[in-house]
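Visitor: I'd like to ask you about the structure that follows.
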Amino acid sequence: MMIILFSAILVDNFVLSKFLGICSFLGVSKNLKTAMGMSGAVILVMVASTALTWPIQTLLLEPFHLGYLQTLVFILVIAALVQMIEMVMKKTMPPLYNALGIFLPLITTNCAVLGVAILNITKSYSFTDSLINALGGGLGYTLALFLFSGVRSKVDKADVPEVLKGLPITLIAASLVAVSFFGFKGLVENLFS
């Protein structure tokens with residue numbers, strides 16, 4: 001179980017290794033407070049959607065040979081969860097709700113959330129392993145977002161050539177952060193072998 005958790009956080013990081021969830025990653029990494037709110041929402045949606053999609057897949061879709069509906073059903077489950085979270089945040093945390101803006105509803109189509117749900121089925125994880133992978137995926141998203149938020153604050157203050165200002169330097173910085181995570185692959189493999 002620990003290898004699944006650490007692998008999802010460091011080695012198979014959905015943002016930095018699989019390049020899923022890039023839209024929200026680039027969109028909310030400008031502000032640490034917004035990044036914290038988005039990270040919490042993504043962790044909650046990843047774990048909750050896994051808790052719902054795994055039983056739906058194994059108890060409903062597979063036994064009735066409806067696997068071809070997997071993506072559609074999973075997106076509907078994720079969309080419903082995001083709507084509930086959005087309503088709660090709007091009532092209880094209006095400043096954070098306003099700061100997240102369009103990125104909160106985009107969790108519905110965040111491919112990292114859908115990717116976790118589908119990957120759990122593809123890798124034939126048990127229910128517990130699926131929840132651990134979802135938690136690790138959310139924590140990995142959080143780690144990537146926090147690290148990149150710090151890097152981005154430094155890059156925004158740096159003297160960058162005019163041609164690289166804005167999105168180009170942001171993508172270059174993101175790629176350097178992503179490359180740094182490849183070093184964890186051997187570490188995780190050696191720790192748990």
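Here, A, B, ... name the chains of the structure tokens in the order displayed, residue numbers run from 1 inside each chain, and ligands are numbered from 1 in the same displayed order.
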Near Thr50 in chain A, counting only C-alpha atoms, which residues have an atom at most 8 Å away, once you skip same-chain residues fewer than 5 positions from it, shown as JSON, numbers by chain?
Guide: {"A": [116, 117, 130, 131, 134]}
Visitor: Near Gly21 in chain A, counting only C-alpha atoms, which residues have an atom at most 9 Å away, once you skip same-chain residues fewer than 2 positions from it, shown as a list in words?
Guide: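 Those residues are Phe14, Val15, Phe19, Cys23, Ser24, Phe25, Leu26, Ile107, Thr109, Asn110, Cys111, Ala112, Val113 and Tyr141 of chain A.
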Visitor: Quick one: residues within 7 Å of Asn13 in chain A, only C-alpha atoms, excluding same-chain residues fewer than 5 positions away - as a PyMOL selection string?
Guide: chain A and resi 8+18+137+140-141
Visitor: Keeping only N, CA and C atoms, write those residues as a tab-separated table (two decimals), in the first residue's frame.
Guide:
chain	number	residue	atom	x	y	z
A	8	ALA	N	2.23	7.33	-6.34
A	8	ALA	CA	1.25	8.30	-6.85
A	8	ALA	C	1.68	9.73	-6.54
A	18	LYS	N	2.49	12.31	-15.73
A	18	LYS	CA	1.49	11.91	-16.73
A	18	LYS	C	0.89	13.11	-17.47
A	137	GLY	N	-2.66	10.50	-5.49
A	137	GLY	CA	-2.78	11.36	-6.67
A	137	GLY	C	-3.12	12.79	-6.29
A	140	GLY	N	-0.09	14.27	-4.60
A	140	GLY	CA	0.90	14.57	-5.64
A	140	GLY	C	0.54	15.83	-6.40
A	141	TYR	N	-0.76	16.01	-6.68
A	141	TYR	CA	-1.23	17.23	-7.34
A	141	TYR	C	-0.94	18.44	-6.45
Visitor: Fewer than 4 positions away in the same chain doesn't count, so skip those; otherwise give me all residues within 10 Å of Gly150 in chain A, counting only C-alpha atoms, as a list in words.
Guide: Ser29, Lys30, Asn31, Leu32, Leu145, Phe146, Lys154 and Val155 of chain A
Visitor: Measuring between only C-alpha atoms, which one of A:Leu100, A:Ser180, A:Ile121, A:Leu106 shows the shortest distance to Glu62 in chain A?
Guide: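 Of the candidates, the smallest distance to Glu62 in chain A is held by A:Ile121.
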Visitor: Where does DSSP see helix (DSSP H, G or I) in chain A, if you list the residues as a ChimeraX atom specification?
Guide: /A:2-11,22-28,32-61,67-92,94-103,105-109,111-122,127-157,162-164,167-181,184-191
Visitor: With distances taken over only C-alpha atoms, which residue among A:Ala80, A:Ile22, A:Val47, A:Leu187 lies nearest Asn133 in chain A?
Guide: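 Checking each of A:Ala80, A:Ile22, A:Val47, A:Leu187 against Asn133 in chain A, counting only C-alpha atoms, the winner is A:Val47.
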Visitor: So which residues touch Phe74 in chain A within 8 Å, counting only C-alpha atoms, skipping near sequence neighbours fewer than 5 positions away, as a list of chain:residue names?
Guide: A:Ser49, A:Thr53, A:Leu114, A:Ala117
